[in-house]
$ cat final-v1.csv   # CSV, C-alpha atoms
chain,number,residue,atom,x,y,z
A,1,ASP,CA,0.0,0.0,0.0
A,2,LEU,CA,1.4,3.3,-1.0
A,3,GLU,CA,0.2,6.8,0.1
A,4,ILE,CA,0.2,8.8,-3.1
A,5,ASP,CA,-1.2,12.2,-3.7
A,6,ALA,CA,-4.5,12.0,-5.4
A,7,SER,CA,-3.4,14.2,-8.2
A,8,ASP,CA,-0.5,11.8,-9.1
A,9,SER,CA,-0.5,8.6,-11.0
A,10,VAL,CA,1.1,5.3,-9.9
A,11,LYS,CA,3.4,3.2,-12.1
A,12,TYR,CA,3.4,-0.5,-11.4
A,13,MET,CA,6.1,-2.9,-12.9
A,14,VAL,CA,5.8,-6.7,-12.9
A,15,LYS,CA,8.7,-9.1,-13.6
A,16,ALA,CA,8.1,-12.7,-14.7
A,17,THR,CA,10.9,-15.3,-14.6
A,18,ALA,CA,10.6,-18.7,-16.3
A,19,GLY,CA,12.2,-21.9,-15.0
A,20,GLN,CA,14.9,-21.7,-17.7
A,21,GLY,CA,15.9,-18.3,-16.5
A,22,CYS,CA,14.0,-16.3,-19.0
A,23,GLU,CA,12.6,-13.0,-17.7
A,24,MET,CA,10.0,-10.5,-19.0
A,25,MET,CA,8.9,-7.2,-17.5
A,26,GLN,CA,5.7,-5.2,-18.1
A,27,ASN,CA,4.6,-1.7,-16.8
A,28,ILE,CA,1.1,-0.4,-16.0
A,29,VAL,CA,0.2,3.2,-15.0
A,30,VAL,CA,-2.9,3.8,-12.8
A,31,ASN,CA,-4.2,7.3,-12.7
A,32,ILE,CA,-5.6,8.4,-9.3
A,33,ILE,CA,-8.9,10.4,-9.8
A,34,THR,CA,-9.8,13.1,-7.4
A,35,PRO,CA,-12.9,11.8,-5.4
A,36,THR,CA,-16.1,13.8,-6.0
A,37,SER,CA,-17.7,15.0,-2.8
A,38,ALA,CA,-20.9,17.0,-2.8
A,39,THR,CA,-23.8,17.8,-0.5
A,40,LEU,CA,-26.9,17.7,-2.6
A,41,THR,CA,-30.2,19.5,-1.9
A,42,VAL,CA,-33.5,18.6,-3.5
A,43,THR,CA,-36.3,21.1,-3.6
A,44,LEU,CA,-39.9,20.8,-4.9
A,45,ASP,CA,-42.1,23.5,-6.4
A,46,THR,CA,-44.8,22.4,-3.9
A,47,ASN,CA,-45.2,20.2,-0.9
A,48,LYS,CA,-48.8,19.2,-1.8
A,49,VAL,CA,-50.6,18.7,-5.0
A,50,CYS,CA,-53.8,17.2,-6.4
A,51,ALA,CA,-53.7,13.9,-8.2
A,52,GLY,CA,-53.3,14.4,-11.9
A,53,ASN,CA,-51.0,17.5,-11.6
A,54,GLN,CA,-47.3,17.8,-12.0
A,55,VAL,CA,-44.5,18.1,-9.5
A,56,THR,CA,-41.1,19.5,-10.4
A,57,ALA,CA,-38.0,18.6,-8.3
A,58,THR,CA,-34.6,20.4,-8.6
A,59,VAL,CA,-31.3,19.2,-7.2
A,60,THR,CA,-28.4,21.6,-6.4
A,61,GLY,CA,-24.9,21.1,-4.8
A,62,ALA,CA,-22.8,19.9,-7.8
A,63,THR,CA,-22.1,21.2,-11.3
A,64,ASN,CA,-21.4,19.5,-14.6
A,65,VAL,CA,-22.5,16.1,-13.3
A,66,LEU,CA,-25.3,13.6,-14.0
A,67,TYR,CA,-27.8,12.5,-11.4
A,68,ALA,CA,-29.8,9.5,-10.5
A,69,TRP,CA,-33.4,10.2,-9.4
A,70,TYR,CA,-35.4,8.1,-7.0
A,71,VAL,CA,-39.1,8.3,-6.0
A,72,ASN,CA,-39.9,6.4,-2.8
A,73,GLY,CA,-36.6,4.5,-3.3
A,74,VAL,CA,-37.3,3.4,-6.9
A,75,GLN,CA,-35.1,4.8,-9.6
A,76,VAL,CA,-36.8,6.9,-12.2
A,77,PRO,CA,-35.4,5.5,-15.5
A,78,GLY,CA,-34.0,7.9,-18.1
A,79,GLU,CA,-33.9,10.9,-15.8
A,80,ASN,CA,-30.4,12.2,-15.1
A,81,MET,CA,-30.6,16.0,-15.3
A,82,ALA,CA,-30.7,18.5,-12.4
A,83,GLN,CA,-34.5,18.9,-12.8
A,84,LEU,CA,-37.2,16.3,-12.8
A,85,THR,CA,-40.9,16.8,-13.6
A,86,LEU,CA,-43.4,14.0,-13.0
A,87,ASN,CA,-47.1,13.6,-13.3
A,88,MET,CA,-48.5,12.6,-9.9
A,89,ASN,CA,-51.6,10.5,-10.8
A,90,GLN,CA,-52.1,8.7,-7.6
A,91,ALA,CA,-52.7,10.0,-4.1
A,92,GLY,CA,-50.1,9.3,-1.4
A,93,ALA,CA,-46.9,10.5,0.2
A,94,TYR,CA,-43.8,10.6,-2.1
A,95,THR,CA,-40.1,11.2,-1.3
A,96,PHE,CA,-37.8,12.5,-4.1
A,97,ASN,CA,-34.1,11.6,-3.8
A,98,ALA,CA,-31.2,12.5,-6.0
A,99,THR,CA,-27.6,11.3,-6.1
A,100,LEU,CA,-24.6,11.6,-8.4
A,101,ALA,CA,-24.6,9.1,-11.2
A,102,ASN,CA,-21.7,7.4,-13.1
A,103,THR,CA,-19.0,9.2,-11.2
A,104,GLU,CA,-16.0,7.3,-10.0
A,105,CYS,CA,-15.1,7.7,-6.3
A,106,ALA,CA,-18.3,9.5,-5.5
A,107,LEU,CA,-18.4,10.5,-1.9
A,108,VAL,CA,-22.0,11.7,-1.6
A,109,MET,CA,-23.3,11.6,1.9
A,110,PRO,CA,-26.3,11.8,2.3
A,111,MET,CA,-28.5,11.9,-0.8
A,112,GLY,CA,-30.6,15.1,-1.2
A,113,ASN,CA,-34.4,14.4,-0.6
A,114,ALA,CA,-37.7,16.2,-0.4
A,115,LYS,CA,-41.3,15.1,0.3
A,116,VAL,CA,-44.6,15.8,-1.3
A,117,ASN,CA,-48.2,14.8,-0.5
A,118,VAL,CA,-50.6,14.0,-3.4
A,119,TYR,CA,-54.3,14.3,-2.7
A,120,ASP,CA,-57.3,13.0,-4.5
A,121,ALA,CA,-59.9,15.6,-5.5
A,122,PRO,CA,-63.1,14.7,-3.7
A,123,ALA,CA,-66.0,13.4,-5.8
A,124,ILE,CA,-68.9,15.8,-5.6
A,125,THR,CA,-72.5,15.6,-6.5
A,126,ILE,CA,-75.6,17.8,-6.1
A,127,THR,CA,-78.9,16.6,-4.8
A,128,GLY,CA,-82.2,18.5,-4.5
A,129,ASN,CA,-85.6,19.2,-6.0
A,130,ASP,CA,-85.0,19.9,-9.7
A,131,VAL,CA,-88.6,20.5,-10.6
A,132,ILE,CA,-90.4,23.5,-8.9
A,133,CYS,CA,-93.6,25.4,-9.3
A,134,GLN,CA,-93.8,29.1,-9.9
A,135,ASN,CA,-92.4,31.1,-6.9
A,136,ASP,CA,-91.4,27.8,-5.2
A,137,THR,CA,-87.8,27.2,-3.9
A,138,ALA,CA,-85.3,24.7,-5.2
A,139,TYR,CA,-82.9,23.5,-2.6
A,140,MET,CA,-79.5,22.2,-3.8
A,141,THR,CA,-77.0,20.3,-1.5
A,142,ALA,CA,-73.5,19.6,-2.7
A,143,THR,CA,-71.4,16.8,-1.1
A,144,GLU,CA,-70.0,18.1,2.2
A,145,VAL,CA,-66.2,18.2,2.5
A,146,GLU,CA,-64.6,19.5,5.7
A,147,ASN,CA,-62.9,22.9,5.5
A,148,ALA,CA,-63.9,23.2,1.8
A,149,LYS,CA,-65.1,26.4,0.1
A,150,TYR,CA,-68.0,26.3,-2.3
A,151,VAL,CA,-68.6,28.6,-5.2
A,152,TRP,CA,-72.0,28.5,-6.8
A,153,ALA,CA,-72.8,29.7,-10.3
A,154,GLY,CA,-76.1,30.2,-12.1
A,155,PRO,CA,-78.9,32.6,-12.9
A,156,GLY,CA,-80.1,32.9,-9.3
A,157,VAL,CA,-76.7,33.3,-7.6
A,158,ASN,CA,-75.7,36.7,-6.0
A,159,GLU,CA,-72.6,37.8,-4.2
A,160,GLU,CA,-74.2,38.0,-0.8
A,161,GLN,CA,-75.0,34.3,-0.7
A,162,ASP,CA,-72.8,32.1,1.6
A,163,SER,CA,-70.2,29.8,0.0
A,164,THR,CA,-71.5,26.7,1.7
A,165,ASN,CA,-72.5,23.4,0.3
A,166,VAL,CA,-76.3,24.3,0.5
A,167,PHE,CA,-77.9,26.7,-2.0
A,168,LYS,CA,-81.5,27.7,-2.6
A,169,THR,CA,-83.2,29.7,-5.4
A,170,VAL,CA,-86.5,30.4,-6.9
A,171,VAL,CA,-85.0,31.0,-10.3
A,172,PRO,CA,-84.9,28.1,-12.8
A,173,GLY,CA,-81.9,27.4,-14.9
A,174,ALA,CA,-78.5,25.6,-15.1
A,175,TYR,CA,-76.4,25.7,-11.9
A,176,SER,CA,-72.9,24.5,-11.0
A,177,VAL,CA,-70.8,24.4,-7.9
A,178,THR,CA,-67.0,24.4,-7.6
A,179,LEU,CA,-65.5,23.0,-4.5
A,180,LEU,CA,-62.0,24.1,-3.3
A,181,THR,CA,-60.4,21.9,-0.6
A,182,GLU,CA,-57.8,23.1,1.9
A,183,ASN,CA,-55.2,21.1,0.0
A,184,GLY,CA,-56.0,23.1,-3.2
A,185,CYS,CA,-58.0,20.4,-5.0
A,186,THR,CA,-61.0,21.4,-7.0
A,187,SER,CA,-64.1,19.5,-8.0
A,188,SER,CA,-67.3,20.6,-9.7
A,189,ALA,CA,-70.8,19.4,-10.4
A,190,GLN,CA,-73.9,20.6,-12.3
A,191,PHE,CA,-77.6,20.7,-11.5
A,192,ALA,CA,-80.5,21.9,-13.6
A,193,VAL,CA,-83.7,23.4,-12.1
A,194,GLU,CA,-86.9,23.3,-14.2
A,195,GLN,CA,-89.8,25.5,-13.3
A,196,LEU,CA,-93.4,24.3,-14.1
A,197,GLY,CA,-95.2,27.5,-14.8
A,198,GLY,CA,-98.1,28.8,-16.8
A,199,ASN,CA,-101.2,30.9,-16.9
A,200,LEU,CA,-104.7,30.0,-15.7
A,201,GLN,CA,-107.4,31.6,-17.8
A,202,VAL,CA,-111.1,31.4,-17.0
A,203,TYR,CA,-113.8,32.1,-19.5
A,204,ALA,CA,-117.6,32.5,-19.2
A,205,SER,CA,-120.0,32.2,-22.1
A,206,GLN,CA,-121.9,35.1,-20.6
A,207,LEU,CA,-121.0,37.5,-17.9
A,208,GLU,CA,-124.6,38.7,-17.4
A,209,VAL,CA,-127.4,36.2,-17.1
A,210,CYS,CA,-130.9,36.0,-15.8
A,211,PRO,CA,-131.4,34.0,-12.6
A,212,GLY,CA,-131.1,30.3,-13.2
A,213,SER,CA,-130.0,30.7,-16.8
A,214,PRO,CA,-127.2,28.4,-17.9
A,215,VAL,CA,-123.7,29.8,-18.3
A,216,MET,CA,-120.7,27.8,-19.5
A,217,LEU,CA,-117.5,28.2,-17.6
A,218,HIS,CA,-114.2,27.0,-19.1
A,219,ALA,CA,-110.7,27.0,-17.6
A,220,VAL,CA,-107.4,26.7,-19.5
A,221,PHE,CA,-104.1,26.0,-17.7
A,222,THR,CA,-101.4,26.9,-20.2
A,223,GLY,CA,-97.6,26.8,-20.2
A,224,TYR,CA,-97.2,23.1,-19.3
A,225,ILE,CA,-95.8,20.4,-21.6
A,226,ASN,CA,-96.1,16.7,-20.9
A,227,GLN,CA,-97.8,17.3,-17.6
A,228,THR,CA,-101.2,16.0,-16.4
A,229,ILE,CA,-103.7,18.8,-15.8
A,230,SER,CA,-106.6,18.6,-13.5
A,231,TYR,CA,-109.2,21.1,-12.3
A,232,VAL,CA,-111.5,21.6,-9.3
A,233,TRP,CA,-114.4,24.2,-9.5
A,234,TYR,CA,-115.8,26.0,-6.4
A,235,GLN,CA,-118.7,28.3,-5.9
A,236,GLY,CA,-118.4,30.9,-3.2
A,237,SER,CA,-115.4,32.1,-1.3
A,238,VAL,CA,-112.2,30.0,-1.3
A,239,ALA,CA,-112.4,29.6,2.5
A,240,ASP,CA,-116.0,28.4,2.4
A,241,ALA,CA,-116.4,27.0,-1.1
A,242,ASN,CA,-118.5,24.1,-2.4
A,243,VAL,CA,-116.9,21.8,-4.9
A,244,ILE,CA,-119.2,21.7,-7.9
A,245,ASP,CA,-117.1,19.9,-10.6
A,246,SER,CA,-113.7,18.6,-11.5
A,247,THR,CA,-113.5,19.1,-15.3
A,248,SER,CA,-112.1,22.0,-17.4
A,249,THR,CA,-115.6,23.0,-18.6
A,250,ILE,CA,-118.8,23.2,-16.5
A,251,VAL,CA,-122.3,24.5,-16.9
A,252,ALA,CA,-123.6,26.6,-14.0
A,253,ASN,CA,-127.0,28.0,-13.3
A,254,PRO,CA,-126.4,31.0,-11.0
A,255,MET,CA,-129.1,32.5,-8.9
A,256,ARG,CA,-129.0,36.1,-7.7
A,257,PRO,CA,-127.4,36.1,-4.3
A,258,THR,CA,-129.1,37.6,-1.2
A,259,THR,CA,-126.0,39.9,-0.8
A,260,GLY,CA,-124.6,41.6,-3.9
A,261,ASP,CA,-125.4,40.9,-7.5
A,262,SER,CA,-122.7,38.5,-8.7
A,263,VAL,CA,-121.8,34.9,-8.2
A,264,ARG,CA,-118.1,34.1,-8.0
A,265,TYR,CA,-116.8,30.8,-9.4
A,266,TYR,CA,-113.3,29.6,-8.5
A,267,VAL,CA,-111.2,27.1,-10.3
A,268,LYS,CA,-108.0,25.5,-9.0
A,269,ALA,CA,-105.8,23.9,-11.7
A,270,PHE,CA,-103.1,21.3,-11.0
A,271,ALA,CA,-100.1,20.4,-13.2
A,272,THR,CA,-98.4,17.2,-12.2
A,273,ALA,CA,-95.1,15.9,-13.4
A,274,GLN,CA,-92.3,13.6,-12.3
A,275,ASP,CA,-89.0,15.2,-11.1
A,276,GLY,CA,-85.5,14.2,-12.2
A,277,ASN,CA,-85.5,11.2,-9.9
A,278,ASP,CA,-88.5,9.7,-11.7
A,279,ASN,CA,-90.2,8.9,-8.5
A,280,VAL,CA,-91.3,12.1,-6.9
A,281,ALA,CA,-94.6,13.7,-8.1
A,282,THR,CA,-94.6,17.5,-8.2
A,283,ALA,CA,-97.9,19.2,-8.4
A,284,CYS,CA,-98.1,22.9,-9.3
A,285,ALA,CA,-101.4,24.7,-8.6
A,286,MET,CA,-102.9,28.0,-9.6
A,287,THR,CA,-106.3,29.5,-8.6
A,288,SER,CA,-108.4,31.9,-10.6
A,289,HIS,CA,-112.0,33.0,-10.7
A,290,VAL,CA,-114.7,34.6,-12.7
A,291,ASP,CA,-117.7,36.7,-11.6
A,292,VAL,CA,-121.1,36.2,-13.3
A,293,TYR,CA,-123.5,39.1,-12.8
A,294,VAL,CA,-127.1,37.9,-12.2
A,295,LEU,CA,-129.6,40.3,-13.5
A,296,LEU,CA,-132.7,41.4,-11.6
A,297,ASP,CA,-135.8,39.3,-12.4
A,298,THR,CA,-138.1,42.3,-12.8
A,299,ALA,CA,-141.9,42.3,-12.6
A,300,VAL,CA,-142.3,44.5,-15.7
A,301,LYS,CA,-144.7,43.2,-18.2
A,302,LEU,CA,-144.8,43.9,-21.9
A,303,THR,CA,-147.7,44.2,-24.3
A,304,LEU,CA,-147.1,43.0,-27.9
A,305,GLU,CA,-149.5,43.8,-30.7
A,306,VAL,CA,-149.2,42.1,-34.1
A,307,ASP,CA,-151.2,43.3,-37.1
A,308,PRO,CA,-152.4,41.5,-39.2
A,309,ILE,CA,-152.4,38.1,-37.6
A,310,MET,CA,-153.3,36.5,-40.9
A,311,LEU,CA,-151.8,37.3,-44.3
A,312,CYS,CA,-151.0,35.8,-47.7
A,313,ASN,CA,-147.6,34.6,-48.9
A,314,GLY,CA,-145.2,37.5,-49.3
A,315,GLY,CA,-147.4,39.7,-47.2
A,316,GLN,CA,-146.1,42.1,-44.6
A,317,PHE,CA,-147.1,42.3,-40.9
A,318,GLY,CA,-146.2,44.7,-38.2
A,319,ALA,CA,-145.5,44.3,-34.5
A,320,LYS,CA,-145.3,46.8,-31.7
A,321,VAL,CA,-144.3,46.4,-28.0
A,322,LYS,CA,-144.6,48.6,-25.0
A,323,PRO,CA,-144.4,48.2,-21.2
A,324,VAL,CA,-147.7,47.8,-19.4
A,325,ASP,CA,-146.3,50.2,-16.7
A,326,GLU,CA,-145.9,53.5,-18.5
A,327,ASN,CA,-143.3,54.5,-15.9
A,328,VAL,CA,-140.9,51.8,-17.2
A,329,VAL,CA,-138.6,53.2,-19.9
A,330,ILE,CA,-137.0,50.6,-22.3
A,331,ASN,CA,-134.9,52.0,-25.0
A,332,TYR,CA,-133.9,48.9,-27.0
A,333,TYR,CA,-135.4,45.5,-27.6
A,334,THR,CA,-134.4,42.2,-29.1
A,335,TRP,CA,-136.9,40.6,-31.5
A,336,PHE,CA,-137.3,36.9,-32.3
A,337,LEU,CA,-139.2,35.0,-34.9
A,338,ASN,CA,-139.9,31.4,-34.1
A,339,GLY,CA,-137.2,31.7,-31.3
A,340,VAL,CA,-134.5,33.0,-33.7
A,341,GLU,CA,-133.2,36.5,-33.1
A,342,ILE,CA,-134.0,38.9,-35.9
A,343,ALA,CA,-130.8,40.8,-36.6
A,344,GLY,CA,-130.8,44.5,-36.8
A,345,GLN,CA,-134.1,45.1,-35.1
A,346,TYR,CA,-133.8,47.1,-31.8
A,347,LEU,CA,-136.7,49.5,-31.8
A,348,ASP,CA,-140.1,49.0,-30.2
A,349,SER,CA,-141.8,48.1,-33.6
A,350,ILE,CA,-140.9,46.1,-36.6
A,351,ARG,CA,-142.3,45.2,-40.0
A,352,LEU,CA,-141.5,41.9,-41.8
A,353,ASN,CA,-142.4,40.1,-45.0
A,354,LEU,CA,-143.3,36.4,-44.6
A,355,LEU,CA,-142.6,34.5,-47.8
A,356,GLU,CA,-143.5,30.9,-46.7
A,357,PRO,CA,-146.8,29.7,-45.4
A,358,GLY,CA,-147.0,28.6,-41.8
A,359,THR,CA,-147.6,29.6,-38.2
A,360,TYR,CA,-145.1,32.1,-36.8
A,361,THR,CA,-144.4,33.1,-33.2
A,362,VAL,CA,-143.1,36.6,-32.6
A,363,GLY,CA,-141.1,37.3,-29.4
A,364,VAL,CA,-139.5,40.3,-28.0
A,365,LYS,CA,-137.5,41.2,-24.9
A,366,PRO,CA,-135.6,44.2,-23.7
A,367,ALA,CA,-132.0,44.4,-24.8
A,368,GLU,CA,-131.0,45.9,-21.5
A,369,ASN,CA,-130.0,44.5,-18.1
A,370,MET,CA,-133.5,43.2,-17.1
A,371,CYS,CA,-134.9,39.7,-17.3
A,372,PHE,CA,-138.3,39.2,-19.0
A,373,ALA,CA,-140.2,36.2,-20.1
A,374,TYR,CA,-140.7,35.8,-23.8
A,375,LEU,CA,-144.0,37.0,-25.1
$ encode --input "final-v1.csv" --output "structure tokens"
Amino acid sequence: DLEIDASDSVKYMVKATAGQGCEMMQNIVVNIITPTSATLTVTLDTNKVCAGNQVTATVTGATNVLYAWYVNGVQVPGENMAQLTLNMNQAGAYTFNATLANTECALVMPMGNAKVNVYDAPAITITGNDVICQNDTAYMTATEVENAKYVWAGPGVNEEQDSTNVFKTVVPGAYSVTLLTENGCTSSAQFAVEQLGGNLQVYASQLEVCPGSPVMLHAVFTGYINQTISYVWYQGSVADANVIDSTSTIVANPMRPTTGDSVRYYVKAFATAQDGNDNVATACAMTSHVDVYVLLDTAVKLTLEVDPIMLCNGGQFGAKVKPVDENVVINYYTWFLNGVEIAGQYLDSIRLNLLEPGTYTVGVKPAENMCFAYL
């Protein structure tokens, strides 16, 4: 063993002697390489990351050398530069190590290392009532994650609302929530709110009728597609109403009430549909009404005179009407021939030509808000 300066080289000579006295000598020179000694430091661009993102590791402490990289003790093949970037696809704790590679007499103690934690982004869903009626509230609940922040987006979101996992709105539309965990991971989910809404219209064949006269009432609940519509009719106040029918069209015979002069008919319409879960029935209802004015059944009598009461084909007859009570003033009348209204005749007398033989009935009634029997 020779103690030789590391910067020198050593020359070795070997002499071989054969039994016959023959000798041969050979020289070999061994160069002494200066040992490489370095203290390596590995740094990471982050100490926590979400799965699916990248981590970049950098080693310092030596120059103009190649490195060997290890993650959790397993060498990373093909990576020998001072910087290493990896996709971290699985959650867990990872240690990055680096050491000098392919360097004779390397005296590296210890290896540089750094640690990173990789977290999975939490799965997130939204549950709630996704079908609402007009002015009803949709409640949405996102998966709850401890210490997470929630950001809701959609037509009914305003800045004053809390960033919690629960959100409510009366505005239909497409909503989404983005969840941010304390580890920096994000997840998102979507939710659509449909509003069942329409307009309830009520129609009456007549808004002024004589007592007991029939009036047709018809309800139309519009604005609903693929929903089942049902109706319930009431007469009287909503608080104290009598159910009279359950179809869209009914025939009523209103009588003049003891108080007031109108009869109010209510109709309540229901639209029923299945929500997004296909197992919860949602019924939307609207109520409307119509007032039917019941005319006074007056005791006024009319006198009708027809002249002549017999005539030939094509002949002309005249008719004149007047109240029996001279104090009753009637300005306009409606005339009938065999029960059919004679158009354009409104005065207290008429003259008509009859072309066909037969028996004719002449009728007349006031065209004003009074009920009279046909004469």
$ residues_near_point --input "final-v1.csv" --point "(-112.3, 22.3, -19.9)" --cutoff "9 Å" --atoms "all atoms listed in the file" --output "PyMOL selection string"
chain A and resi 217-220+231+247-250
$ residues_around --input "final-v1.csv" --residues "stretch 86-90 of chain A" --least-positions-apart "5" --cutoff "9 Å" --atoms "only C-alpha atoms" --output "list in words"
Val49, Cys50, Ala51, Gly52, Asn53, Gln54, Val55, Thr56, Ala57, Val118, Tyr119 and Asp120 of chain A
$ atom_distance --input "final-v1.csv" --atom1 "atom CA of A:Gln235" --atom2 "atom CA of A:Lys268"
11.5 Å
$ residues_around --input "final-v1.csv" --residues "A:Asn97" --least-positions-apart "3" --cutoff "8 Å" --atoms "only C-alpha atoms" --output "PyMOL selection string"
chain A and resi 42+69-73+111-114
$ atom_distance --input "final-v1.csv" --atom1 "atom CA of A:Ser349" --atom2 "atom CA of A:Ala319"
5.4 Å
$ residues_around --input "final-v1.csv" --residues "A:Phe221" --least-positions-apart "5" --cutoff "7 Å" --atoms "all atoms listed in the file" --output "ChimeraX atom specification"
/A:198-201,269
$ write_last_selection --input "final-v1.csv" --atoms "C-alpha atoms" --output "PDB file, keeping the file's coordinate frame"
ATOM      1  CA  GLY A 198     -98.100  28.800 -16.800  1.00  0.00           C
ATOM      2  CA  ASN A 199    -101.200  30.900 -16.900  1.00  0.00           C
ATOM      3  CA  LEU A 200    -104.700  30.000 -15.700  1.00  0.00           C
ATOM      4  CA  GLN A 201    -107.400  31.600 -17.800  1.00  0.00           C
ATOM      5  CA  ALA A 269    -105.800  23.900 -11.700  1.00  0.00           C
TER       6      ALA A 269
END
$ decode --input "final-v1.csv" --residues "stretch 131-147 of chain A" --atoms "N, CA, C and O atoms" --output "short mmCIF file (atom, residue, chain, number, x, y, z; two decimals), in the first residue's frame"
data_model
loop_
_atom_site.label_atom_id
_atom_site.label_comp_id
_atom_site.auth_asym_id
_atom_site.auth_seq_id
_atom_site.Cartn_x
_atom_site.Cartn_y
_atom_site.Cartn_z
N VAL A 131 -87.39 20.08 -9.97
CA VAL A 131 -88.61 20.54 -10.62
C VAL A 131 -89.39 21.35 -9.59
O VAL A 131 -89.73 20.84 -8.52
N ILE A 132 -89.65 22.61 -9.89
CA ILE A 132 -90.36 23.47 -8.94
C ILE A 132 -91.54 24.14 -9.63
O ILE A 132 -91.59 24.22 -10.86
N CYS A 133 -92.47 24.62 -8.83
CA CYS A 133 -93.59 25.40 -9.34
C CYS A 133 -93.21 26.88 -9.31
O CYS A 133 -92.18 27.26 -8.75
N GLN A 134 -94.03 27.70 -9.92
CA GLN A 134 -93.78 29.13 -9.90
C GLN A 134 -93.71 29.64 -8.46
O GLN A 134 -94.55 29.30 -7.63
N ASN A 135 -92.65 30.43 -8.19
CA ASN A 135 -92.41 31.06 -6.89
C ASN A 135 -92.04 30.06 -5.80
O ASN A 135 -91.90 30.44 -4.64
N ASP A 136 -91.87 28.78 -6.15
CA ASP A 136 -91.38 27.81 -5.18
C ASP A 136 -89.86 27.87 -5.13
O ASP A 136 -89.21 28.49 -5.97
N THR A 137 -89.28 27.19 -4.15
CA THR A 137 -87.84 27.23 -3.92
C THR A 137 -87.21 25.89 -4.24
O THR A 137 -87.73 24.84 -3.83
N ALA A 138 -86.10 25.94 -4.98
CA ALA A 138 -85.29 24.74 -5.23
C ALA A 138 -84.13 24.74 -4.24
O ALA A 138 -83.44 25.75 -4.08
N TYR A 139 -83.96 23.63 -3.55
CA TYR A 139 -82.87 23.48 -2.59
C TYR A 139 -81.83 22.53 -3.18
O TYR A 139 -82.16 21.40 -3.56
N MET A 140 -80.58 22.99 -3.26
CA MET A 140 -79.50 22.17 -3.78
C MET A 140 -78.46 21.94 -2.70
O MET A 140 -78.05 22.89 -2.01
N THR A 141 -78.03 20.69 -2.54
CA THR A 141 -77.04 20.34 -1.54
C THR A 141 -75.90 19.61 -2.21
O THR A 141 -76.09 18.55 -2.82
N ALA A 142 -74.70 20.19 -2.12
CA ALA A 142 -73.50 19.55 -2.67
C ALA A 142 -72.85 18.68 -1.60
O ALA A 142 -73.04 18.89 -0.40
N THR A 143 -72.07 17.70 -2.04
CA THR A 143 -71.35 16.83 -1.12
C THR A 143 -70.54 17.66 -0.13
O THR A 143 -69.81 18.57 -0.53
N GLU A 144 -70.70 17.36 1.14
CA GLU A 144 -70.02 18.14 2.17
C GLU A 144 -68.60 17.63 2.37
O GLU A 144 -68.37 16.44 2.59
N VAL A 145 -67.63 18.53 2.29
CA VAL A 145 -66.22 18.23 2.52
C VAL A 145 -65.70 19.19 3.58
O VAL A 145 -65.89 20.41 3.47
N GLU A 146 -65.06 18.68 4.58
CA GLU A 146 -64.60 19.49 5.70
C GLU A 146 -63.61 20.56 5.25
O GLU A 146 -62.70 20.29 4.46
N ASN A 147 -63.83 21.77 5.77
CA ASN A 147 -62.95 22.92 5.51
C ASN A 147 -62.86 23.29 4.03
O ASN A 147 -61.90 23.91 3.60
#
